[in-house]
file model15.tsv (TSV, C-alpha atoms)
chain	number	residue	atom	x	y	z
A	9	MET	CA	-18.71	-89.75	-15.49
A	10	THR	CA	-16.57	-90.02	-12.39
A	11	GLU	CA	-13.58	-92.27	-11.95
A	12	ALA	CA	-15.48	-94.41	-9.48
A	13	GLN	CA	-18.34	-95.06	-11.87
A	14	THR	CA	-15.94	-95.98	-14.64
A	15	ALA	CA	-14.15	-98.32	-12.28
A	16	GLU	CA	-17.38	-100.11	-11.40
A	17	ALA	CA	-18.34	-100.61	-15.00
A	18	ASP	CA	-14.96	-101.97	-15.98
A	19	PRO	CA	-12.58	-102.52	-13.09
A	20	PRO	CA	-8.99	-101.53	-13.87
A	21	TRP	CA	-7.82	-104.91	-12.53
A	22	GLU	CA	-9.87	-106.83	-15.10
A	23	GLY	CA	-7.68	-109.45	-16.77
A	24	LEU	CA	-4.76	-108.98	-14.37
A	25	HIS	CA	-3.29	-111.80	-12.29
A	26	GLY	CA	-0.99	-112.29	-9.33
A	27	PRO	CA	1.00	-109.31	-8.05
A	28	GLU	CA	-0.33	-106.99	-10.79
A	29	LEU	CA	-3.89	-107.83	-9.77
A	30	PHE	CA	-3.15	-107.20	-6.08
A	31	GLU	CA	-1.45	-103.89	-6.82
A	32	ALA	CA	-4.30	-102.61	-9.01
A	33	CYS	CA	-6.87	-103.67	-6.40
A	34	LEU	CA	-4.93	-102.08	-3.58
A	35	LEU	CA	-4.69	-98.75	-5.41
A	36	ALA	CA	-8.43	-98.84	-6.11
A	37	ALA	CA	-9.15	-99.82	-2.50
A	38	ARG	CA	-7.21	-96.78	-1.34
A	39	ALA	CA	-9.54	-94.66	-3.42
A	40	GLY	CA	-12.43	-96.26	-1.56
A	41	ASN	CA	-13.43	-98.91	-4.08
A	42	ARG	CA	-15.21	-101.66	-2.14
A	43	LEU	CA	-15.24	-104.07	-5.07
A	44	ALA	CA	-11.46	-103.92	-5.08
A	45	MET	CA	-11.37	-104.68	-1.36
A	46	ASN	CA	-13.68	-107.64	-1.82
A	47	ARG	CA	-11.55	-108.97	-4.64
A	48	LEU	CA	-8.39	-108.79	-2.51
A	49	VAL	CA	-10.17	-110.60	0.32
A	50	ARG	CA	-11.28	-113.35	-2.03
A	51	GLU	CA	-7.85	-113.75	-3.64
A	52	LEU	CA	-5.67	-113.58	-0.55
A	53	THR	CA	-7.72	-115.06	2.30
A	54	PRO	CA	-6.19	-118.51	1.61
A	55	LEU	CA	-2.74	-117.00	2.25
A	56	VAL	CA	-3.73	-115.52	5.62
A	57	TRP	CA	-5.61	-118.70	6.50
A	58	ASN	CA	-2.58	-120.89	5.87
A	59	VAL	CA	-0.33	-118.71	8.02
A	60	ALA	CA	-2.80	-118.92	10.92
A	61	ARG	CA	-3.34	-122.66	10.54
A	62	GLY	CA	0.40	-123.11	10.13
A	63	HIS	CA	0.77	-121.69	13.64
A	64	GLY	CA	-1.36	-124.49	15.00
A	65	LEU	CA	-4.48	-122.41	15.62
A	66	ASP	CA	-7.79	-124.23	15.66
A	67	ASN	CA	-10.27	-123.35	12.89
A	68	HIS	CA	-12.16	-120.72	14.86
A	69	THR	CA	-9.17	-118.89	16.24
A	70	ALA	CA	-7.66	-118.96	12.74
A	71	GLU	CA	-10.88	-117.45	11.40
A	72	ASP	CA	-10.69	-114.63	13.96
A	73	VAL	CA	-7.10	-113.98	12.90
A	74	VAL	CA	-8.12	-113.79	9.25
A	75	GLN	CA	-10.83	-111.22	10.00
A	76	THR	CA	-8.57	-109.20	12.28
A	77	VAL	CA	-5.80	-109.05	9.66
A	78	TRP	CA	-8.17	-107.80	6.94
A	79	LEU	CA	-9.80	-105.22	9.19
A	80	ALA	CA	-6.35	-104.05	10.25
A	81	LEU	CA	-5.27	-103.69	6.62
A	82	PHE	CA	-8.25	-101.66	5.49
A	83	SER	CA	-8.41	-99.50	8.59
A	84	HIS	CA	-4.78	-98.47	8.04
A	85	LEU	CA	-4.35	-98.61	4.29
A	86	ASP	CA	-2.15	-95.53	4.36
A	87	ARG	CA	0.46	-97.40	6.38
A	88	LEU	CA	1.17	-99.71	3.47
A	89	ARG	CA	3.16	-97.32	1.32
A	90	GLU	CA	4.34	-99.80	-1.25
A	91	PRO	CA	1.54	-101.82	-2.91
A	92	LYS	CA	4.02	-104.55	-3.85
A	93	ALA	CA	4.54	-105.20	-0.14
A	94	LEU	CA	0.94	-106.35	0.36
A	95	ALA	CA	1.56	-110.11	0.44
A	96	GLY	CA	4.47	-109.66	2.83
A	97	TRP	CA	2.42	-107.36	5.06
A	98	LEU	CA	-0.38	-109.92	5.22
A	99	VAL	CA	2.01	-112.74	6.11
A	100	THR	CA	3.78	-110.68	8.79
A	101	THR	CA	0.57	-109.38	10.33
A	102	ALA	CA	-1.00	-112.85	10.28
A	103	ARG	CA	2.10	-114.24	12.02
A	104	ASN	CA	1.95	-111.56	14.72
A	105	GLU	CA	-1.77	-112.07	15.28
A	106	SER	CA	-1.35	-115.85	15.36
A	107	GLN	CA	1.43	-115.61	17.93
A	108	ARG	CA	-0.70	-113.29	20.01
A	109	ALA	CA	-3.61	-115.75	19.80
A	110	ASN	CA	-1.19	-118.53	20.68
A	111	GLY	CA	0.08	-116.53	23.64
A	112	ARG	CA	-0.70	-119.01	26.35
A	113	LYS	CA	0.52	-122.05	24.50
A	114	PRO	CA	4.10	-123.33	24.79
A	115	ALA	CA	6.62	-122.01	22.30
A	116	PRO	CA	6.98	-124.02	19.11
A	117	VAL	CA	9.45	-126.88	19.21
A	118	PRO	CA	12.70	-125.76	17.56
A	119	LEU	CA	13.71	-127.61	14.44
A	120	THR	CA	16.27	-130.30	15.17
A	121	ASP	CA	17.30	-133.48	13.46
A	122	GLU	CA	15.67	-135.51	16.20
A	123	MET	CA	12.36	-133.70	16.11
A	124	ALA	CA	10.54	-136.59	14.52
A	125	GLU	CA	9.65	-137.76	18.00
A	126	ALA	CA	6.54	-136.91	19.85
A	127	VAL	CA	5.48	-133.50	18.67
A	128	VAL	CA	1.90	-133.03	19.70
A	129	SER	CA	-0.16	-132.44	16.62
A	130	THR	CA	-2.71	-129.67	16.41
A	131	GLN	CA	-3.83	-130.73	12.96
A	132	PRO	CA	-7.21	-132.32	12.50
A	133	ALA	CA	-7.13	-136.07	12.24
A	134	PRO	CA	-6.81	-137.27	8.67
A	135	GLU	CA	-10.29	-137.32	7.26
A	136	ALA	CA	-11.03	-140.65	5.70
A	137	GLU	CA	-13.78	-139.27	3.47
A	138	ALA	CA	-11.64	-136.49	2.00
A	139	LEU	CA	-8.43	-138.51	1.68
A	140	ARG	CA	-9.19	-141.53	-0.39
A	141	THR	CA	-5.81	-143.18	-0.66
A	142	GLU	CA	-3.69	-144.65	2.07
A	143	ARG	CA	-0.75	-142.68	0.75
A	144	ASP	CA	-2.58	-139.35	1.11
A	145	ARG	CA	-3.55	-140.25	4.65
A	146	ARG	CA	0.08	-141.03	5.47
A	147	ILE	CA	1.29	-137.75	3.94
A	148	TRP	CA	-1.26	-135.79	5.97
A	149	ALA	CA	-0.36	-137.65	9.16
A	150	ALA	CA	3.35	-137.01	8.60
A	151	PHE	CA	2.69	-133.32	7.95
A	152	GLY	CA	0.78	-133.08	11.23
A	153	LYS	CA	3.81	-134.40	13.11
A	154	LEU	CA	6.14	-131.71	11.78
A	155	PRO	CA	7.11	-128.81	14.07
A	156	GLN	CA	4.86	-125.82	13.57
A	157	ARG	CA	7.62	-123.82	11.93
A	158	CYS	CA	7.93	-126.49	9.26
A	159	GLN	CA	4.20	-126.69	8.81
A	160	GLU	CA	3.96	-122.97	8.18
A	161	ILE	CA	6.95	-122.92	5.85
A	162	LEU	CA	5.64	-125.83	3.79
A	163	ARG	CA	2.16	-124.33	3.58
A	164	LEU	CA	3.65	-121.08	2.26
A	165	THR	CA	5.93	-123.01	-0.06
A	166	VAL	CA	2.94	-124.76	-1.57
A	167	LEU	CA	1.17	-121.43	-2.11
A	168	ALA	CA	4.29	-119.72	-3.44
A	169	GLY	CA	4.58	-122.45	-6.06
A	170	ARG	CA	1.24	-121.42	-7.58
A	171	ALA	CA	1.16	-118.78	-10.27
A	172	GLU	CA	-1.35	-116.54	-8.50
A	173	TYR	CA	0.84	-116.38	-5.39
A	174	ARG	CA	4.04	-115.41	-7.15
A	175	ALA	CA	4.14	-112.40	-4.83
A	176	VAL	CA	4.49	-114.72	-1.84
A	177	ALA	CA	7.57	-116.34	-3.35
A	178	GLU	CA	9.11	-112.91	-3.89
A	179	VAL	CA	8.33	-111.74	-0.37
A	180	LEU	CA	9.69	-114.88	1.23
A	181	ARG	CA	12.65	-114.95	-1.14
A	182	MET	CA	11.69	-118.37	-2.41
A	183	PRO	CA	12.70	-118.45	-6.05
A	184	ARG	CA	10.56	-120.98	-7.87
A	185	GLY	CA	12.23	-124.30	-8.41
A	186	SER	CA	14.70	-123.79	-5.58
A	187	ILE	CA	14.34	-125.27	-2.12
A	188	GLY	CA	16.28	-123.44	0.58
A	189	PRO	CA	18.04	-125.21	3.46
A	190	VAL	CA	15.23	-124.82	6.00
A	191	ARG	CA	12.58	-126.05	3.61
A	192	GLY	CA	14.90	-128.82	2.56
A	193	ARG	CA	15.24	-129.98	6.15
A	194	CYS	CA	11.48	-129.79	6.69
A	195	LEU	CA	10.89	-131.87	3.58
A	196	LYS	CA	13.54	-134.39	4.59
A	197	THR	CA	11.97	-134.74	8.03
A	198	MET	CA	8.62	-135.28	6.39
A	199	ARG	CA	10.03	-137.96	4.10
A	200	ASP	CA	11.66	-139.65	7.11
A	201	LEU	CA	8.29	-139.67	8.88
A	202	LEU	CA	6.69	-141.14	5.77
A	203	ASP	CA	9.33	-143.85	5.63
A	204	ILE	CA	8.81	-144.69	9.30
A	205	GLU	CA	5.06	-144.94	8.86
A	206	GLY	CA	5.40	-146.68	5.54
A	207	GLY	CA	7.67	-149.31	7.03
A	208	SER	CA	4.88	-150.77	9.09
A	209	ALA	CA	2.17	-150.36	6.47
B	1	MET	CA	15.34	-149.52	6.91
B	2	ASN	CA	16.95	-149.73	3.52
B	3	GLU	CA	14.97	-147.46	1.27
B	4	THR	CA	15.93	-149.13	-1.97
B	5	ARG	CA	14.27	-152.31	-0.77
B	6	ALA	CA	10.99	-150.67	0.22
B	7	PRO	CA	8.20	-152.59	-1.45
B	8	GLY	CA	6.88	-150.74	-4.47
B	9	GLY	CA	9.47	-148.01	-3.98
B	10	ALA	CA	6.65	-145.59	-3.04
B	11	HIS	CA	8.18	-144.32	0.18
B	12	HIS	CA	10.51	-141.79	-1.30
B	13	HIS	CA	9.23	-138.74	-3.20
B	14	ASP	CA	11.27	-135.96	-4.57
B	15	ASP	CA	10.63	-132.55	-3.08
B	16	GLU	CA	8.50	-131.17	-5.89
B	17	ALA	CA	6.28	-134.23	-6.02
B	18	LEU	CA	5.84	-134.22	-2.25
B	19	LEU	CA	4.95	-130.51	-2.26
B	20	ALA	CA	2.46	-131.08	-5.07
B	21	ASP	CA	0.83	-133.87	-3.06
B	22	LEU	CA	0.79	-131.74	0.07
B	23	GLY	CA	-0.84	-128.86	-1.81
B	24	ARG	CA	-3.56	-131.12	-3.15
B	25	ILE	CA	-4.16	-132.59	0.31
B	26	LEU	CA	-4.28	-129.17	2.04
B	27	ASP	CA	-6.88	-128.04	-0.49
B	28	LEU	CA	-8.94	-131.11	0.36
B	29	VAL	CA	-8.75	-131.22	4.14
B	30	ASP	CA	-7.90	-127.70	5.31
B	31	PRO	CA	-9.31	-125.04	3.00
B	32	PRO	CA	-10.60	-121.75	4.46
B	33	PRO	CA	-14.01	-122.51	6.00
B	34	PRO	CA	-17.06	-122.00	3.80
B	35	GLY	CA	-18.43	-118.48	4.26
B	36	LEU	CA	-15.22	-117.03	5.69
B	37	VAL	CA	-14.59	-114.77	2.68
B	38	GLU	CA	-18.19	-113.55	2.86
B	39	ARG	CA	-17.91	-112.92	6.60
B	40	VAL	CA	-14.76	-110.86	6.08
B	41	GLN	CA	-16.44	-108.91	3.29
B	42	PHE	CA	-19.47	-108.30	5.51
B	43	ALA	CA	-17.24	-107.12	8.35
B	44	LEU	CA	-15.58	-104.67	5.94
B	45	GLU	CA	-18.84	-103.07	4.81
B	46	LEU	CA	-18.57	-100.53	7.63
B	47	GLU	CA	-18.90	-96.95	6.47
B	48	ASP	CA	-15.87	-95.88	8.45
B	49	LEU	CA	-13.05	-98.38	8.60
B	50	ASP	CA	-11.02	-96.43	11.16
B	51	VAL	CA	-11.72	-99.01	13.86
B	52	GLU	CA	-10.11	-101.22	16.48
B	53	VAL	CA	-10.88	-104.91	16.29
B	54	ALA	CA	-11.90	-106.74	19.45
B	55	ARG	CA	-10.88	-110.37	19.79
B	56	TRP	CA	-13.23	-113.17	20.68
B	57	GLU	CA	-12.08	-114.59	24.02
B	58	ARG	CA	-13.01	-118.24	24.17
B	59	PRO	CA	-12.70	-120.01	27.48
B	60	ASP	CA	-10.32	-122.96	27.17
B	61	HIS	CA	-13.09	-125.50	27.42
B	62	LEU	CA	-14.75	-123.94	24.40
B	63	VAL	CA	-11.68	-123.90	22.19
B	64	GLY	CA	-12.51	-125.85	19.09
B	65	VAL	CA	-16.28	-125.50	19.28
B	66	ARG	CA	-17.96	-124.24	16.15
B	67	SER	CA	-18.01	-120.54	15.42
B	68	SER	CA	-21.77	-120.29	15.30
B	69	VAL	CA	-23.37	-119.79	18.66
B	70	ASP	CA	-26.95	-120.58	19.64
B	71	GLN	CA	-26.90	-119.23	23.14
B	72	GLY	CA	-24.63	-118.46	26.02
B	73	THR	CA	-22.16	-115.73	26.76
B	74	ILE	CA	-19.54	-114.45	24.37
B	75	THR	CA	-16.75	-112.10	25.36
B	76	PHE	CA	-14.75	-109.83	23.07
B	77	THR	CA	-11.89	-107.67	24.24
B	78	VAL	CA	-9.65	-104.97	22.83
B	79	SER	CA	-7.05	-103.15	24.91
B	80	ASP	CA	-9.07	-101.75	27.84
B	81	LEU	CA	-12.59	-102.49	26.57
B	82	THR	CA	-14.54	-105.70	27.16
B	83	VAL	CA	-17.78	-106.51	25.36
B	84	MET	CA	-19.86	-109.32	26.83
B	85	ILE	CA	-23.06	-110.49	25.22
B	86	ASN	CA	-25.56	-113.11	26.27
B	87	LEU	CA	-27.85	-114.65	23.66
B	88	THR	CA	-31.35	-115.93	24.25
B	89	ARG	CA	-33.27	-117.55	21.42
B	90	THR	CA	-36.68	-116.04	20.80
B	91	GLY	CA	-38.17	-117.99	17.94
B	92	ARG	CA	-36.39	-117.09	14.72
B	93	CYS	CA	-34.57	-114.19	16.37
B	94	HIS	CA	-32.70	-113.72	19.60
B	95	ARG	CA	-32.42	-111.24	22.40
B	96	ILE	CA	-28.99	-109.83	23.07
B	97	ASP	CA	-28.15	-108.73	26.59
B	98	GLY	CA	-24.87	-106.89	26.63
B	99	TRP	CA	-22.46	-105.48	29.15
B	100	LEU	CA	-19.59	-103.13	28.37
B	101	VAL	CA	-16.63	-102.65	30.70
B	102	PRO	CA	-15.57	-100.03	31.61
B	103	ALA	CA	-19.17	-98.92	31.99
B	104	GLY	CA	-20.43	-95.91	30.10
B	105	GLU	CA	-23.09	-94.72	27.74
B	106	HIS	CA	-21.45	-96.26	24.71
B	107	GLY	CA	-23.23	-96.43	21.39
B	108	VAL	CA	-24.03	-99.99	20.33
B	109	GLU	CA	-24.88	-101.05	16.79
B	110	ILE	CA	-25.56	-104.63	15.86
B	111	ARG	CA	-25.24	-105.38	12.14
B	112	VAL	CA	-26.75	-108.54	10.73
B	113	ALA	CA	-26.01	-109.51	7.14
B	114	GLU	CA	-28.99	-108.81	4.87
B	115	HIS	CA	-30.99	-107.45	7.81
B	116	GLY	CA	-29.51	-103.97	8.20
B	117	SER	CA	-28.70	-103.01	11.75
B	118	VAL	CA	-30.23	-102.13	15.11
B	119	SER	CA	-28.79	-99.59	17.50
B	120	THR	CA	-29.08	-98.59	21.10
B	121	VAL	CA	-27.09	-96.84	23.80
B	122	ALA	CA	-25.78	-98.60	26.88
B	123	ASP	CA	-26.96	-97.30	30.24
B	124	GLU	CA	-24.52	-95.72	32.67
B	125	GLY	CA	-23.78	-99.20	34.03
B	126	GLY	CA	-22.67	-100.27	30.55
B	127	ARG	CA	-25.66	-102.54	30.01
B	128	PHE	CA	-27.83	-102.78	26.92
B	129	VAL	CA	-30.59	-105.00	25.58
B	130	LEU	CA	-31.71	-105.55	22.01
B	131	ASP	CA	-34.79	-107.67	21.37
B	132	GLU	CA	-35.71	-109.53	18.24
B	133	VAL	CA	-32.31	-109.38	16.57
B	134	PRO	CA	-32.32	-111.50	13.39
B	135	ARG	CA	-29.88	-114.39	13.28
B	136	GLY	CA	-27.02	-114.64	10.83
B	137	ASN	CA	-23.60	-113.15	10.24
B	138	THR	CA	-23.40	-110.57	13.00
B	139	GLN	CA	-21.00	-107.78	13.85
B	140	ILE	CA	-21.12	-105.50	16.88
B	141	VAL	CA	-19.95	-101.92	16.53
B	142	ILE	CA	-19.26	-99.91	19.69
B	143	SER	CA	-18.86	-96.13	19.66
B	144	VAL	CA	-16.88	-95.63	22.82
B	145	ALA	CA	-18.29	-92.87	25.02
B	146	GLY	CA	-15.99	-90.01	25.91
B	147	PHE	CA	-13.74	-90.31	22.87
B	148	GLY	CA	-14.04	-88.28	19.74
B	149	HIS	CA	-14.01	-91.06	17.19
B	150	ARG	CA	-13.08	-94.27	18.92
B	151	THR	CA	-14.89	-97.20	17.34
B	152	VAL	CA	-14.45	-100.82	18.33
B	153	VAL	CA	-15.81	-103.65	16.17
B	154	THR	CA	-16.00	-107.39	16.64
B	155	PRO	CA	-15.23	-109.90	13.93
B	156	ALA	CA	-18.36	-111.06	12.07
B	157	VAL	CA	-19.63	-114.21	13.72
B	158	VAL	CA	-22.59	-116.43	13.00
B	159	LEU	CA	-25.10	-115.80	15.81
call {"tool": "encode", "arguments": {"input": "model15.tsv", "output": "structure tokens"}}
result
Amino acid sequence: MTEAQTAEADPPWEGLHGPELFEACLLAARAGNRLAMNRLVRELTPLVWNVARGHGLDNHTAEDVVQTVWLALFSHLDRLREPKALAGWLVTTARNESQRANGRKPAPVPLTDEMAEAVVSTQPAPEAEALRTERDRRIWAAFGKLPQRCQEILRLTVLAGRAEYRAVAEVLRMPRGSIGPVRGRCLKTMRDLLDIEGGSA
Amino acid sequence: MNETRAPGGAHHHDDEALLADLGRILDLVDPPPPGLVERVQFALELEDLDVEVARWERPDHLVGVRSSVDQGTITFTVSDLTVMINLTRTGRCHRIDGWLVPAGEHGVEIRVAEHGSVSTVADEGGRFVLDEVPRGNTQIVISVAGFGHRTVVTPAVVL
């Protein structure tokens, strides 16, 4: 029996999670295992999606970015020498593709203490059906008013806090349980926005 | 506004709690679109993955419209190659009129999920026509004429 047949019967990544799962799948994908590729796509598409959406891309442009990033990965698998670097490669490539797609739009507003004012939101309007409480709607509205850089950072922070995306935390040097200065400022701005909105509620 | 006097005290959350709320809300209102993972997986089923990916160029007035297209013209570009297709509904299928720039007798394969693929070759003006193409997740694969192994693919889109 060949390696490939064995792998199909009982994939070597069975029972693995997080970075170990990604590494095992990537090694198998290099050997041409399509199941391993599909597994990586299923596990890590939310990461690429959140980077693209965090750059303010509309749903369809974000979807194109997701497909482009995955095709780029698997058409140049040999370029990724270190399997542990996968999550970081996906984030970096998704950022580059998103910026390219964003090419004609104005540069993101830099993060300042006064940024709470008038940042045009590219987020969808809060959806009343999905968000059932007033508080959730206010949180979503405040998030949409953050500068894009903050939106991307907070999206990645949320993912990095989940066990299966431990690799993201490592890549972005976000030790769990610690909030760096930039994220701290983004969160403070968001709380300020919530307080402003809450004051009139 | 003095925070300590906010009614109910609900206006201040610590960072972890706010991030937890944000994560729950993002999952609710902005998850990857249904079918995206399957479209990526379909796009990756190519035999040879040594390809360049063309980008879907949407005119500004179409930005934000849904990714499935009933009819009209769609343009994809990659570096120096432009792929334009025009869709015409013909019952449960559609006819695809295509135009490749720069012109040349490029190989054209149209893959439709669960329907295999249909192939043709563009004429010397870069034009091609494929009738009765099934609808569904669709990917166009161009073998660029005059290059040893240059293959350009589009993302998988719902046509």
call {"tool": "atom_distance", "arguments": {"input": "model15.tsv", "atom1": "atom CA of Thr75 of chain B", "atom2": "atom CA of Glu57 of chain B"}}
result
5.5 Å
call {"tool": "atom_distance", "arguments": {"input": "model15.tsv", "atom1": "atom CA of Gly169 of chain A", "atom2": "atom CA of Arg108 of chain A"}}
result
28.1 Å
call {"tool": "residues_around", "arguments": {"input": "model15.tsv", "residues": "Gly91 of chain B", "least_positions_apart": "2", "cutoff": "12 Å", "atoms": "only C-alpha atoms", "output": "list of chain:residue names"}}
result
B:Asp70, B:Thr88, B:Arg89, B:Cys93, B:His94, B:Arg95, B:Asp131, B:Glu132, B:Val133, B:Pro134, B:Arg135
call {"tool": "atom_distance", "arguments": {"input": "model15.tsv", "atom1": "atom CA of Thr73 of chain B", "atom2": "atom CA of Arg92 of chain B"}}
result
18.7 Å
call {"tool": "residues_around", "arguments": {"input": "model15.tsv", "residues": "segment 107-121 of chain B", "least_positions_apart": "6", "cutoff": "8 Å", "atoms": "all atoms listed in the file", "output": "PyMOL selection string"}}
result
chain B and resi 42+128-130+133-145
